[in-house]
Each structure stands twice: as C-alpha cells, then as structure tokens.
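As provided, coords19.cif (mmCIF, C-alpha atoms) reads as follows.
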data_input
#
loop_
_atom_site.label_atom_id
_atom_site.label_comp_id
_atom_site.auth_asym_id
_atom_site.auth_seq_id
_atom_site.Cartn_x
_atom_site.Cartn_y
_atom_site.Cartn_z
CA MET A 1 18.06 7.33 -45.54
CA SER A 2 14.79 7.30 -43.57
CA ARG A 3 14.53 9.08 -40.26
CA ILE A 4 13.17 8.10 -36.85
CA VAL A 5 12.60 10.86 -34.33
CA LEU A 6 13.34 10.51 -30.61
CA ALA A 7 10.89 12.64 -28.60
CA SER A 8 13.63 14.41 -26.67
CA ARG A 9 15.62 17.59 -27.12
CA ASN A 10 18.47 16.16 -25.01
CA HIS A 11 21.54 15.52 -27.22
CA HIS A 12 22.98 13.09 -24.71
CA LYS A 13 19.86 10.92 -24.95
CA VAL A 14 19.87 11.04 -28.75
CA GLU A 15 23.50 9.94 -28.83
CA GLU A 16 22.87 7.17 -26.33
CA LEU A 17 19.93 5.86 -28.33
CA ARG A 18 21.94 5.90 -31.57
CA GLU A 19 24.41 3.56 -29.88
CA ILE A 20 21.76 1.27 -28.43
CA LEU A 21 19.96 0.92 -31.76
CA SER A 22 22.96 1.17 -34.09
CA ASP A 23 22.59 -2.37 -35.44
CA ALA A 24 18.85 -2.08 -35.97
CA CYS A 25 19.20 1.29 -37.68
CA ALA A 26 22.00 0.06 -39.93
CA ARG A 27 19.87 -2.88 -41.09
CA LEU A 28 16.91 -0.57 -41.72
CA GLY A 29 18.94 2.19 -43.37
CA ALA A 30 17.44 4.56 -40.78
CA GLU A 31 18.86 7.42 -38.76
CA ILE A 32 17.73 8.68 -35.35
CA VAL A 33 17.23 12.42 -34.99
CA GLY A 34 16.25 14.50 -31.98
CA LEU A 35 13.14 16.62 -31.56
CA ASP A 36 15.35 19.73 -31.56
CA GLU A 37 15.37 19.41 -35.34
CA PHE A 38 11.63 20.17 -35.21
CA PRO A 39 11.34 23.43 -33.28
CA GLU A 40 7.64 23.65 -34.11
CA ALA A 41 6.83 20.37 -32.34
CA PRO A 42 4.73 21.15 -29.25
CA ASP A 43 5.74 20.36 -25.69
CA VAL A 44 3.77 17.52 -24.14
CA VAL A 45 2.06 17.64 -20.76
CA GLU A 46 3.19 14.37 -19.21
CA ASP A 47 0.11 13.77 -17.14
CA GLY A 48 -0.12 10.03 -17.57
CA ILE A 49 -0.16 7.94 -14.40
CA THR A 50 2.32 5.28 -15.58
CA PHE A 51 5.66 5.20 -17.37
CA VAL A 52 3.97 3.45 -20.30
CA GLU A 53 1.26 6.07 -20.62
CA ASN A 54 3.76 8.93 -20.58
CA ALA A 55 6.04 7.25 -23.12
CA ILE A 56 3.10 6.77 -25.49
CA LEU A 57 1.94 10.37 -24.95
CA LYS A 58 5.37 11.68 -25.92
CA ALA A 59 5.89 9.38 -28.91
CA THR A 60 2.36 10.02 -30.24
CA SER A 61 2.84 13.77 -30.06
CA ALA A 62 6.21 13.56 -31.83
CA ALA A 63 4.88 11.27 -34.58
CA ARG A 64 2.00 13.68 -35.23
CA ALA A 65 4.22 16.75 -35.25
CA THR A 66 6.91 15.30 -37.53
CA GLY A 67 5.16 12.70 -39.68
CA LEU A 68 7.99 10.32 -38.75
CA PRO A 69 8.07 7.11 -36.74
CA ALA A 70 8.71 8.32 -33.17
CA LEU A 71 10.47 6.81 -30.19
CA ALA A 72 10.05 8.04 -26.61
CA ASP A 73 10.75 6.80 -23.14
CA ASP A 74 9.67 7.60 -19.63
CA SER A 75 11.71 6.30 -16.78
CA GLY A 76 12.44 6.72 -13.12
CA LEU A 77 13.41 5.15 -9.84
CA THR A 78 10.81 3.00 -8.08
CA VAL A 79 11.38 2.40 -4.37
CA GLN A 80 9.46 -0.51 -2.89
CA ILE A 81 8.77 0.90 0.57
CA LEU A 82 7.51 4.09 -1.10
CA GLY A 83 4.94 2.12 -3.09
CA GLY A 84 6.88 2.68 -6.31
CA CYS A 85 7.69 6.37 -5.79
CA PRO A 86 9.36 8.55 -6.95
CA GLY A 87 8.35 6.61 -10.12
CA ILE A 88 6.77 8.90 -12.71
CA PHE A 89 7.54 11.80 -10.36
CA SER A 90 11.31 11.09 -10.33
CA ALA A 91 12.34 14.27 -12.18
CA ARG A 92 10.23 16.55 -9.97
CA TRP A 93 10.44 14.73 -6.65
CA SER A 94 11.68 17.77 -4.73
CA GLY A 95 9.16 19.98 -6.53
CA GLY A 96 11.59 21.45 -9.04
CA GLY A 97 14.93 21.51 -7.22
CA GLY A 98 16.85 19.39 -9.74
CA ASP A 99 18.79 16.13 -9.57
CA ARG A 100 20.76 16.81 -6.39
CA ALA A 101 17.74 18.08 -4.45
CA ASN A 102 15.68 15.08 -5.59
CA LEU A 103 18.33 12.66 -4.46
CA GLU A 104 18.89 14.33 -1.11
CA LEU A 105 15.17 14.45 -0.38
CA LEU A 106 14.89 10.73 -1.08
CA LEU A 107 17.83 9.97 1.25
CA ALA A 108 16.20 12.07 4.00
CA GLN A 109 12.82 10.38 3.56
CA LEU A 110 14.46 6.96 3.85
CA GLY A 111 16.66 8.01 6.79
CA ASP A 112 15.15 5.54 9.28
CA VAL A 113 14.58 2.75 6.77
CA ARG A 114 16.63 -0.37 7.46
CA ASP A 115 18.82 -1.94 4.77
CA GLU A 116 16.47 -4.85 4.12
CA HIS A 117 13.69 -2.43 3.17
CA ARG A 118 15.64 -0.25 0.73
CA ALA A 119 14.92 -2.34 -2.41
CA ALA A 120 14.38 -0.30 -5.56
CA ALA A 121 14.55 -0.54 -9.34
CA PHE A 122 15.24 1.79 -12.21
CA VAL A 123 12.40 1.32 -14.69
CA CYS A 124 12.03 2.52 -18.27
CA ALA A 125 9.09 2.27 -20.65
CA ALA A 126 10.10 2.79 -24.28
CA ALA A 127 7.44 3.41 -26.92
CA LEU A 128 7.42 3.40 -30.70
CA VAL A 129 4.51 5.15 -32.41
CA LEU A 130 4.06 5.42 -36.19
CA PRO A 131 2.23 8.29 -37.89
CA ASP A 132 -0.50 5.79 -38.86
CA GLY A 133 -1.10 5.00 -35.19
CA ARG A 134 0.55 1.59 -34.95
CA SER A 135 2.63 1.27 -31.80
CA ALA A 136 4.73 -0.94 -29.53
CA VAL A 137 5.93 -0.59 -25.94
CA GLU A 138 8.66 -2.39 -24.01
CA ILE A 139 9.74 -2.12 -20.39
CA GLY A 140 13.25 -2.49 -19.02
CA SER A 141 14.26 -2.58 -15.37
CA LEU A 142 17.43 -2.65 -13.31
CA PRO A 143 16.90 -3.99 -9.76
CA GLY A 144 18.94 -2.81 -6.79
CA ALA A 145 18.72 -0.79 -3.59
CA VAL A 146 18.92 2.79 -2.33
CA ALA A 147 22.30 3.53 -0.71
CA ARG A 148 22.64 5.48 2.57
CA ALA A 149 24.71 8.26 0.97
CA ALA A 150 25.59 9.50 -2.50
CA ARG A 151 28.77 8.07 -4.06
CA GLY A 152 30.36 8.49 -7.49
CA ASP A 153 30.39 11.30 -10.02
CA ARG A 154 29.36 9.61 -13.26
CA GLY A 155 25.80 9.37 -14.56
CA PHE A 156 22.95 11.62 -13.53
CA GLY A 157 19.63 11.63 -11.69
CA TYR A 158 19.52 9.08 -8.87
CA ASP A 159 22.61 7.16 -10.11
CA PRO A 160 24.78 8.23 -7.12
CA ILE A 161 22.39 6.63 -4.58
CA PHE A 162 21.39 3.50 -6.53
CA VAL A 163 23.30 0.25 -5.96
CA PRO A 164 22.51 -2.30 -8.71
CA ALA A 165 21.85 -5.83 -7.43
CA GLY A 166 23.99 -8.84 -8.22
CA GLN A 167 27.45 -7.31 -7.94
CA ASP A 168 29.50 -10.40 -7.25
CA ASP A 169 32.86 -8.72 -6.78
CA GLY A 170 32.24 -7.85 -3.13
CA HIS A 171 31.87 -4.15 -3.84
CA GLU A 172 28.66 -2.21 -3.51
CA ARG A 173 29.14 0.38 -6.20
CA THR A 174 26.48 2.91 -7.03
CA LEU A 175 25.50 3.36 -10.65
CA ALA A 176 27.45 6.65 -10.62
CA GLU A 177 30.57 4.56 -9.95
CA TYR A 178 29.98 2.37 -13.04
CA ARG A 179 31.95 3.06 -16.19
CA ALA A 180 29.73 4.37 -19.00
CA GLU A 181 30.08 1.23 -21.13
CA GLU A 182 29.31 -0.97 -18.12
CA LYS A 183 26.19 1.02 -17.30
CA ASN A 184 24.98 1.02 -20.89
CA GLY A 185 25.00 -2.76 -21.00
CA VAL A 186 22.68 -3.20 -17.99
CA SER A 187 20.62 -0.02 -17.83
CA HIS A 188 16.83 0.08 -17.83
CA ARG A 189 16.89 2.38 -20.88
CA PHE A 190 19.17 0.00 -22.73
CA LEU A 191 16.95 -2.99 -21.95
CA ALA A 192 13.73 -1.21 -22.92
CA PHE A 193 15.01 0.13 -26.25
CA ARG A 194 16.75 -3.13 -27.08
CA GLY A 195 13.38 -4.79 -26.56
CA LEU A 196 11.90 -2.35 -29.08
CA ALA A 197 14.40 -3.20 -31.83
CA PRO A 198 12.44 -6.18 -33.22
CA HIS A 199 9.24 -4.10 -33.22
CA LEU A 200 11.07 -1.36 -35.07
CA LYS A 201 12.08 -3.80 -37.77
CA GLU A 202 8.63 -5.32 -38.04
CA LEU A 203 6.63 -2.09 -38.04
CA LEU A 204 8.92 -0.16 -40.38
CA THR A 205 9.15 -2.88 -43.02
CA THR A 206 5.45 -3.78 -43.25
CA MET B 1 -8.64 4.68 39.37
CA SER B 2 -6.53 2.60 36.98
CA ARG B 3 -4.39 4.27 34.37
CA ILE B 4 -3.86 3.72 30.63
CA VAL B 5 -0.89 5.39 29.02
CA LEU B 6 -0.96 6.96 25.54
CA ALA B 7 2.44 6.62 23.86
CA SER B 8 2.69 10.32 23.08
CA ARG B 9 4.10 13.37 24.80
CA ASN B 10 1.69 15.62 22.87
CA HIS B 11 -0.89 17.14 25.26
CA HIS B 12 -3.26 17.86 22.40
CA LYS B 13 -3.32 14.19 21.44
CA VAL B 14 -3.86 13.10 25.04
CA GLU B 15 -6.80 15.49 25.40
CA GLU B 16 -8.30 14.37 22.10
CA LEU B 17 -8.04 10.72 23.09
CA ARG B 18 -9.67 11.38 26.47
CA GLU B 19 -12.67 12.74 24.60
CA ILE B 20 -12.82 9.89 22.09
CA LEU B 21 -12.65 7.24 24.82
CA SER B 22 -14.50 9.12 27.58
CA ASP B 23 -17.40 6.65 27.73
CA ALA B 24 -15.18 3.59 27.66
CA CYS B 25 -12.90 5.01 30.34
CA ALA B 26 -15.85 6.01 32.56
CA ARG B 27 -17.22 2.47 32.42
CA LEU B 28 -13.81 0.99 33.21
CA GLY B 29 -12.97 3.53 35.91
CA ALA B 30 -9.78 4.26 33.96
CA GLU B 31 -7.90 7.45 33.18
CA ILE B 32 -5.70 8.18 30.16
CA VAL B 33 -2.30 9.72 30.86
CA GLY B 34 0.45 10.87 28.51
CA LEU B 35 3.96 9.50 28.24
CA ASP B 36 5.26 12.84 29.54
CA GLU B 37 4.40 11.56 33.02
CA PHE B 38 7.09 8.92 32.50
CA PRO B 39 10.22 10.87 31.61
CA GLU B 40 12.32 7.74 31.85
CA ALA B 41 10.39 6.00 29.04
CA PRO B 42 12.71 5.59 26.05
CA ASP B 43 12.09 7.13 22.62
CA VAL B 44 11.13 4.59 20.00
CA VAL B 45 12.72 4.28 16.57
CA GLU B 46 9.68 4.06 14.32
CA ASP B 47 11.25 1.86 11.68
CA GLY B 48 8.25 -0.29 10.91
CA ILE B 49 7.10 -0.41 7.31
CA THR B 50 3.36 -0.05 8.01
CA PHE B 51 1.14 2.11 10.22
CA VAL B 52 0.16 -1.03 12.17
CA GLU B 53 3.76 -2.05 12.81
CA ASN B 54 4.71 1.42 14.04
CA ALA B 55 1.65 1.68 16.31
CA ILE B 56 2.50 -1.67 17.88
CA LEU B 57 6.17 -0.68 18.28
CA LYS B 58 5.18 2.47 20.16
CA ALA B 59 2.52 0.84 22.36
CA THR B 60 4.77 -2.11 23.22
CA SER B 61 7.60 0.18 24.26
CA ALA B 62 5.27 2.29 26.42
CA ALA B 63 3.70 -0.77 28.07
CA ARG B 64 7.15 -2.12 28.95
CA ALA B 65 8.42 1.20 30.27
CA THR B 66 5.37 1.98 32.41
CA GLY B 67 3.88 -1.39 33.37
CA LEU B 68 0.51 0.02 32.24
CA PRO B 69 -1.84 -0.87 29.38
CA ALA B 70 -0.62 1.32 26.51
CA LEU B 71 -2.33 2.92 23.55
CA ALA B 72 -0.51 4.27 20.49
CA ASP B 73 -1.32 5.29 16.97
CA ASP B 74 0.50 5.86 13.73
CA SER B 75 -1.23 7.75 11.02
CA GLY B 76 -0.70 9.66 7.81
CA LEU B 77 -1.96 10.66 4.42
CA THR B 78 -1.98 8.01 1.69
CA VAL B 79 -2.18 9.30 -1.89
CA GLN B 80 -3.25 6.74 -4.47
CA ILE B 81 -1.15 7.93 -7.42
CA LEU B 82 1.88 7.98 -5.08
CA GLY B 83 1.35 4.31 -4.25
CA GLY B 84 0.22 5.18 -0.73
CA CYS B 85 2.87 7.82 0.02
CA PRO B 86 3.52 9.92 2.06
CA GLY B 87 1.99 7.17 4.28
CA ILE B 88 4.30 6.22 7.15
CA PHE B 89 6.62 9.01 5.94
CA SER B 90 3.96 11.74 6.33
CA ALA B 91 5.66 13.59 9.19
CA ARG B 92 9.06 13.65 7.48
CA TRP B 93 8.02 13.92 3.84
CA SER B 94 10.13 17.01 3.15
CA GLY B 95 13.03 15.51 5.09
CA GLY B 96 12.46 17.46 8.29
CA GLY B 97 10.95 20.76 7.16
CA GLY B 98 7.76 20.52 9.22
CA ASP B 99 4.04 20.55 8.38
CA ARG B 100 4.03 23.45 5.94
CA ALA B 101 7.06 22.21 3.99
CA ASN B 102 5.58 18.70 3.81
CA LEU B 103 2.31 19.99 2.45
CA GLU B 104 3.91 22.30 -0.10
CA LEU B 105 6.19 19.55 -1.35
CA LEU B 106 3.20 17.27 -1.88
CA LEU B 107 1.34 19.99 -3.81
CA ALA B 108 4.39 20.54 -6.02
CA GLN B 109 4.82 16.80 -6.66
CA LEU B 110 1.18 16.55 -7.72
CA GLY B 111 1.28 19.75 -9.78
CA ASP B 112 0.54 18.07 -13.13
CA VAL B 113 -1.84 15.45 -11.72
CA ARG B 114 -5.41 15.81 -12.95
CA ASP B 115 -8.35 15.99 -10.55
CA GLU B 116 -9.52 12.44 -11.21
CA HIS B 117 -6.16 11.08 -10.03
CA ARG B 118 -5.86 13.00 -6.77
CA ALA B 119 -7.68 10.44 -4.58
CA ALA B 120 -6.26 10.06 -1.09
CA ALA B 121 -7.16 8.93 2.41
CA PHE B 122 -6.11 9.77 5.93
CA VAL B 123 -5.33 6.47 7.65
CA CYS B 124 -4.74 5.69 11.32
CA ALA B 125 -3.69 2.45 12.98
CA ALA B 126 -4.43 2.42 16.72
CA ALA B 127 -2.87 -0.23 18.94
CA LEU B 128 -3.50 -1.40 22.50
CA VAL B 129 -0.73 -3.42 24.13
CA LEU B 130 -0.88 -4.79 27.68
CA PRO B 131 2.19 -5.38 29.86
CA ASP B 132 1.49 -9.15 29.59
CA GLY B 133 1.79 -8.92 25.80
CA ARG B 134 -1.87 -9.18 24.80
CA SER B 135 -2.76 -6.68 22.08
CA ALA B 136 -5.35 -5.39 19.64
CA VAL B 137 -5.14 -3.14 16.57
CA GLU B 138 -7.81 -1.22 14.68
CA ILE B 139 -7.57 0.89 11.54
CA GLY B 140 -9.61 3.99 10.71
CA SER B 141 -9.64 5.85 7.43
CA LEU B 142 -11.13 9.04 5.99
CA PRO B 143 -11.34 9.03 2.16
CA GLY B 144 -11.01 12.17 0.07
CA ALA B 145 -8.72 13.95 -2.38
CA VAL B 146 -5.71 16.25 -2.44
CA ALA B 147 -6.71 19.87 -3.18
CA ARG B 148 -4.78 22.10 -5.60
CA ALA B 149 -3.92 24.68 -2.94
CA ALA B 150 -3.98 24.96 0.86
CA ARG B 151 -7.15 26.36 2.42
CA GLY B 152 -8.25 26.82 6.04
CA ASP B 153 -6.41 27.48 9.25
CA ARG B 154 -7.75 24.82 11.62
CA GLY B 155 -6.21 21.42 12.15
CA PHE B 156 -2.60 20.51 11.44
CA GLY B 157 -0.45 18.38 9.15
CA TYR B 158 -2.00 17.88 5.73
CA ASP B 159 -5.48 19.07 6.81
CA PRO B 160 -5.32 22.28 4.67
CA ILE B 161 -4.88 20.31 1.42
CA PHE B 162 -7.20 17.37 2.15
CA VAL B 163 -10.82 17.48 0.94
CA PRO B 164 -12.90 14.74 2.62
CA ALA B 165 -15.21 12.85 0.25
CA GLY B 166 -18.98 12.88 0.43
CA GLN B 167 -19.61 16.53 1.19
CA ASP B 168 -23.16 16.87 -0.06
CA ASP B 169 -23.56 20.60 0.57
CA GLY B 170 -21.92 21.63 -2.69
CA HIS B 171 -18.80 22.94 -0.96
CA GLU B 172 -15.40 21.39 -1.22
CA ARG B 173 -14.00 22.23 2.17
CA THR B 174 -10.58 21.06 3.28
CA LEU B 175 -10.27 19.38 6.65
CA ALA B 176 -8.66 22.60 7.93
CA GLU B 177 -12.00 24.31 7.20
CA TYR B 178 -13.97 21.83 9.34
CA ARG B 179 -15.01 22.80 12.84
CA ALA B 180 -13.18 20.80 15.50
CA GLU B 181 -16.28 18.88 16.61
CA GLU B 182 -17.14 18.06 12.98
CA LYS B 183 -13.64 16.77 12.30
CA ASN B 184 -13.57 14.71 15.48
CA GLY B 185 -16.68 12.81 14.42
CA VAL B 186 -15.24 11.62 11.10
CA SER B 187 -11.48 11.56 11.56
CA HIS B 188 -9.31 8.53 10.96
CA ARG B 189 -7.97 8.78 14.54
CA PHE B 190 -11.49 8.90 15.94
CA LEU B 191 -12.57 5.86 13.93
CA ALA B 192 -9.48 3.82 14.83
CA PHE B 193 -9.64 4.51 18.58
CA ARG B 194 -13.41 4.07 18.68
CA GLY B 195 -12.80 0.67 17.12
CA LEU B 196 -10.40 -0.10 19.96
CA ALA B 197 -12.93 0.69 22.72
CA PRO B 198 -14.50 -2.82 22.79
CA HIS B 199 -11.03 -4.41 22.91
CA LEU B 200 -10.11 -2.11 25.76
CA LYS B 201 -13.10 -3.29 27.74
CA GLU B 202 -12.47 -6.95 26.95
CA LEU B 203 -8.73 -6.99 27.59
CA LEU B 204 -8.80 -4.87 30.74
CA THR B 205 -11.58 -6.82 32.45
CA THR B 206 -10.35 -10.37 31.78
#
Please go through the file and, once you have read it, give me the structure as structure tokens.
Amino acid sequence: MSRIVLASRNHHKVEELREILSDACARLGAEIVGLDEFPEAPDVVEDGITFVENAILKATSAARATGLPALADDSGLTVQILGGCPGIFSARWSGGGGDRANLELLLAQLGDVRDEHRAAAFVCAAALVLPDGRSAVEIGSLPGAVARAARGDRGFGYDPIFVPAGQDDGHERTLAEYRAEEKNGVSHRFLAFRGLAPHLKELLTT
Amino acid sequence: MSRIVLASRNHHKVEELREILSDACARLGAEIVGLDEFPEAPDVVEDGITFVENAILKATSAARATGLPALADDSGLTVQILGGCPGIFSARWSGGGGDRANLELLLAQLGDVRDEHRAAAFVCAAALVLPDGRSAVEIGSLPGAVARAARGDRGFGYDPIFVPAGQDDGHERTLAEYRAEEKNGVSHRFLAFRGLAPHLKELLTT
C-alpha cells in the first residue's frame, strides 16, 4: 500500500483527513500518515502571506523530506471588517496566548462592531505536492459571522465564536455547538480536501 | 472672535491643531476650542467602519451639541499584510490594554513577517461639519513600515514601531525618534487638517 504524508504532527488532523479522503484512498490503495512518523523532517517557517502560499510551503517541505506525495493545509478565520484578519495570523492572533486568548482578543476588538458588520468566513487552502514538483491547490470556505460571546464546547480555535450562515432552523448556533459529523460535512477543511481528491487521483496515477 | 470646536477633550490635540491651522484661523478671525469646554456634549459611539465615517460621526455630534462649526479626526495605523488593520481599531487593538500593549501585540503578530512585507501607513481622516449640515473631509497619510522592535521615546501610539519611508540620511528612525517639529511637518494628521484649511475658509465665509 502506497503512502501519502500529511504535513502535520497533529493526530486529530491526520484522523480527520483519513475520513475525508477515505474513498479516494481506498480507490488508490493509499494510506495517509502523519509527519510524526518522520521525526527527521524539518519544521517549516510559515512566512507566506496567503493561505495558499503557506500550504504549498508545508507540503513542499514534507514531500522533500519524505520522498512521498504530501498534503498540507493552512486555514484560519477571515473577518471582513478586519480586512481578512486574523487570516494567516489566526493561530498567533494574541501573540502566543493560545485558542482562548485569540478568541477573546477578537471579541474585544469587535466590541463596538454592529451585527451587520460582523461577517466572516473560515477559509482553508489545501495543497498536494509530489516529490517531482507537480502540485495542486484547492480552497474551501465556510461563510458566517462572529458572535458576540463564546458558546459551545465542541471544536477548537475560533469555533465557539463563529456562527455559520444559512441555518434555517431559527437557531444561531456557533460551530462549537455543531455535532462533529455535522461540522465535518460543511467545514472549510472538508471542502478544500474534498476538492483535492480528483487531483490526488490524477496526479498519483499518471 | 468666532469659535470652531475640535471634537476632542485631549488638550494636546487641541494645541496641535491650533498650530496646524494657525494661519487659516488668523485669516478667519477664528479660535479653536476643545470639547472639554462643553461638558454637556455627549460621547459618541465610534461604530463607523472607516476613518472617514468615524470622523464625520464625531464632528456631526460636536456641531449639534455646540452649535459651532466642528472639526474631528479619526486616524490609525494601517498594515498592508493585515489587510489595513489595526486601522479603525488602532486604539483598542489589544482589547483595552493601552498604547504599549497595542504596539507589543502588533509586533508579536508580525513576528514571522519578512521585511519586504511590513509596509504600513499612518492614515488620518479629518472632517469639518457645520451646524447647518454642510461638511468636508480630507485624508492624510504617512507611508512607511513596521519596525522589528520599539525605538524612541517621543510621540505616542504606534510611533515607536513605525519607520516613515523616504529617509535619505541612511538612518531608519522610528517616528518616536523624530523631533516634534519634524513630525508635525509630515504627519498624517498635519496633512489631513492642512487639506481642510481651504474648505474651512470657503464654508465659514459663505
């Protein structure tokens, strides 16, 4: 069975990606492994200025270090009135304080911002890079708005303050109030990697 | 002598504006006073989504409360890779921690950002609103870049981490290392209010 490496040492992300790409991998006879199986692979400085650039940086580094086809993603929350921030800075928005500090800072910054100006989207760029340099990128996004307070205890990152658009049941649930299987069917990461599946098939079989 | 009110209770700002508009005021026989002379004037919720909108909000409120021609400005630091942030959120970027906390948060957010992507500008929108509703707005900007560390003890706000562009003496001084008279000749506030001077003359004499 051939292997595809995900440029992440996060087991949760590896598991999630195995689910998202289970059909594609079954057809290809391929298995997704995490970068933790390659302790010698170097850490990447993510100094790109877009999600796409960072995803390609990570996948390229992993493909070089492992000699395997490599997948990577870069994602974050883009808030319209903040010109797309936190964006590529989502994970370090508070300067290193972690998920809760990031989220609380964002709520404080948007304290005076009226509801009609709180539009936002979760965005993910997913990249596939082969050791021979061929590559593909897809973007997935989940539109919504920034809530006025954190709600819900599922998910991670900005999930507790992000209200996905188009909830027609009258509720305004945050993503941290979604069930896991519900979230996985609409998430920006799901959409981006699902978009990569056809590229995976094409690039790995030619 | 007629009076023009500046929508600010900050004595330093009132003094600075008197200097910037001294010629225009002398010609008009007008004097600039601060909003602190009108304790009954209400505080304004600055919930506009642009510098211009906030400047007009403040000037309009002051003109209504005092019956005088009113000047106001809204200004901030716009960083290109942050999509224009902190922008209108400059004063509350850290969520209420004050100048030093704002500046240190911005440095931390930009920690991995290479020099060629640290472009920024100080921007000021200055508004004049008359009690009869006539108005004018001008924008001033000072281009430059965000430094890697704070330097200098003059100025305020983000001055210690902002390096104005076009310094041809080989030094890379921050705005907090500029002498006051040097800064006043190039600053975004100076340029915006100087741009308003002709409107002041036209609107107050017709």
Q: Would you kindly return, as number ranges by chain, each protein, DNA or RNA residue with an atom no farther than 6 Å from any atom of Ala55 (chain B), considering only C-alpha atoms and excluding same-chain residues fewer than 3 positions away?
A: B: 52, 58, 72-74, 127
(Q) Quick check: residues of chain A within 9 Å of chain B, only C-alpha atoms, returned as a PyMOL selection string. (A) chain A and resi 45-49+81-87+89+92-96+104-114+117
Q: Identify which of the residues B:Ser8, B:Glu19, B:Leu128, B:Ile32 lies closest to Pro198 (chain B), counting all atoms listed in the file when measuring atom-to-atom distances.
A: B:Leu128
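Nearest residue to Arg9 (chain A) among A:Leu68, A:Ala176, A:Ala62, A:Ile161 is A:Ala62, counting all atoms listed in the file.
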Q | Length of the CA of Gly34 (chain A) to CA of Arg134 (chain A) vector [Å] | A | 20.5 Å
Q: For Val146 (chain A), list every protein, DNA or RNA residue within 8 Å, evaluated using only C-alpha atoms, and leave out those in the same chain fewer than 3 positions away; present the list as a PyMOL selection string.
A: chain A and resi 79+118-120+161-163
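Using all atoms listed in the file, the contacts of Gly155 (chain A) at a cut-off of 8 Å, with sequence neighbours closer than 3 positions omitted, comprise Asp159, Pro160, Leu175, Ala176 and Ala180 of chain A.
Residue nearest Asn10 (chain A), chosen from A:Leu191, A:Ala197, A:Leu35, A:Val123 and counting only C-alpha atoms: A:Leu35.
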Q: Please write as a ChimeraX atom specification the list of polymer residues whose atoms come within 6 Å of (-12.0, 26.1, 7.8), counting all atoms listed in the file and keeping to the coordinates of the file.
A: /B:152-154,176-178
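Here CA of Phe122 (chain A) stands at a distance of 4.5 Å from CA of Leu77 (chain A).
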If we count only C-alpha atoms, what is near Pro143 (chain B) at a cut-off of 6 Å, once residues fewer than 6 positions away on the same chain are taken out, given as a CSV table (one decimal) with C-alpha atoms, in the coordinates of the input?
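out_14.csv was written with the following content:
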chain,number,residue,atom,x,y,z
B,121,ALA,CA,-7.2,8.9,2.4
B,164,PRO,CA,-12.9,14.7,2.6
B,165,ALA,CA,-15.2,12.8,0.2
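For the atom pair formed by CA of Phe38 (chain B) and CA of Lys13 (chain B), the distance is 16.1 Å, given to one decimal.
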Q: Write out as a ChimeraX atom specification which residues come within 9 Å of Thr60 (chain B) when counting all atoms listed in the file, dropping same-chain ones fewer than 6 positions away.
A: /B:70-72,127-131,133,135
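For the set A:Ser75, A:Ser2, A:Thr206, A:Asn184, the residue with the smallest atom-to-atom gap to Ala30 (chain A) is A:Ser2, counting only C-alpha atoms.
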Q) Between A:Gly67, A:Pro39, A:Gly166, A:Gly144, which has the minimum distance to Asp115 (chain A) (counting only C-alpha atoms)? A) A:Gly144
Please evaluate the PyMOL selection byres ((chain A and resi 200) around 10) against the displayed coordinates and give the resulting residues as a PDB file with C-alpha atoms, in the frame of the given file.
ATOM      1  CA  ILE A   4      13.170   8.100 -36.850  1.00  0.00           C
ATOM      2  CA  LEU A  21      19.960   0.920 -31.760  1.00  0.00           C
ATOM      3  CA  ALA A  24      18.850  -2.080 -35.970  1.00  0.00           C
ATOM      4  CA  CYS A  25      19.200   1.290 -37.680  1.00  0.00           C
ATOM      5  CA  LEU A  28      16.910  -0.570 -41.720  1.00  0.00           C
ATOM      6  CA  PRO A  69       8.070   7.110 -36.740  1.00  0.00           C
ATOM      7  CA  LEU A  71      10.470   6.810 -30.190  1.00  0.00           C
ATOM      8  CA  LEU A 128       7.420   3.400 -30.700  1.00  0.00           C
ATOM      9  CA  VAL A 129       4.510   5.150 -32.410  1.00  0.00           C
ATOM     10  CA  LEU A 130       4.060   5.420 -36.190  1.00  0.00           C
ATOM     11  CA  SER A 135       2.630   1.270 -31.800  1.00  0.00           C
ATOM     12  CA  ALA A 136       4.730  -0.940 -29.530  1.00  0.00           C
ATOM     13  CA  PHE A 193      15.010   0.130 -26.250  1.00  0.00           C
ATOM     14  CA  ARG A 194      16.750  -3.130 -27.080  1.00  0.00           C
ATOM     15  CA  GLY A 195      13.380  -4.790 -26.560  1.00  0.00           C
ATOM     16  CA  LEU A 196      11.900  -2.350 -29.080  1.00  0.00           C
ATOM     17  CA  ALA A 197      14.400  -3.200 -31.830  1.00  0.00           C
ATOM     18  CA  PRO A 198      12.440  -6.180 -33.220  1.00  0.00           C
ATOM     19  CA  HIS A 199       9.240  -4.100 -33.220  1.00  0.00           C
ATOM     20  CA  LYS A 201      12.080  -3.800 -37.770  1.00  0.00           C
ATOM     21  CA  GLU A 202       8.630  -5.320 -38.040  1.00  0.00           C
ATOM     22  CA  LEU A 203       6.630  -2.090 -38.040  1.00  0.00           C
ATOM     23  CA  LEU A 204       8.920  -0.160 -40.380  1.00  0.00           C
ATOM     24  CA  THR A 205       9.150  -2.880 -43.020  1.00  0.00           C
TER      25      THR A 205
END
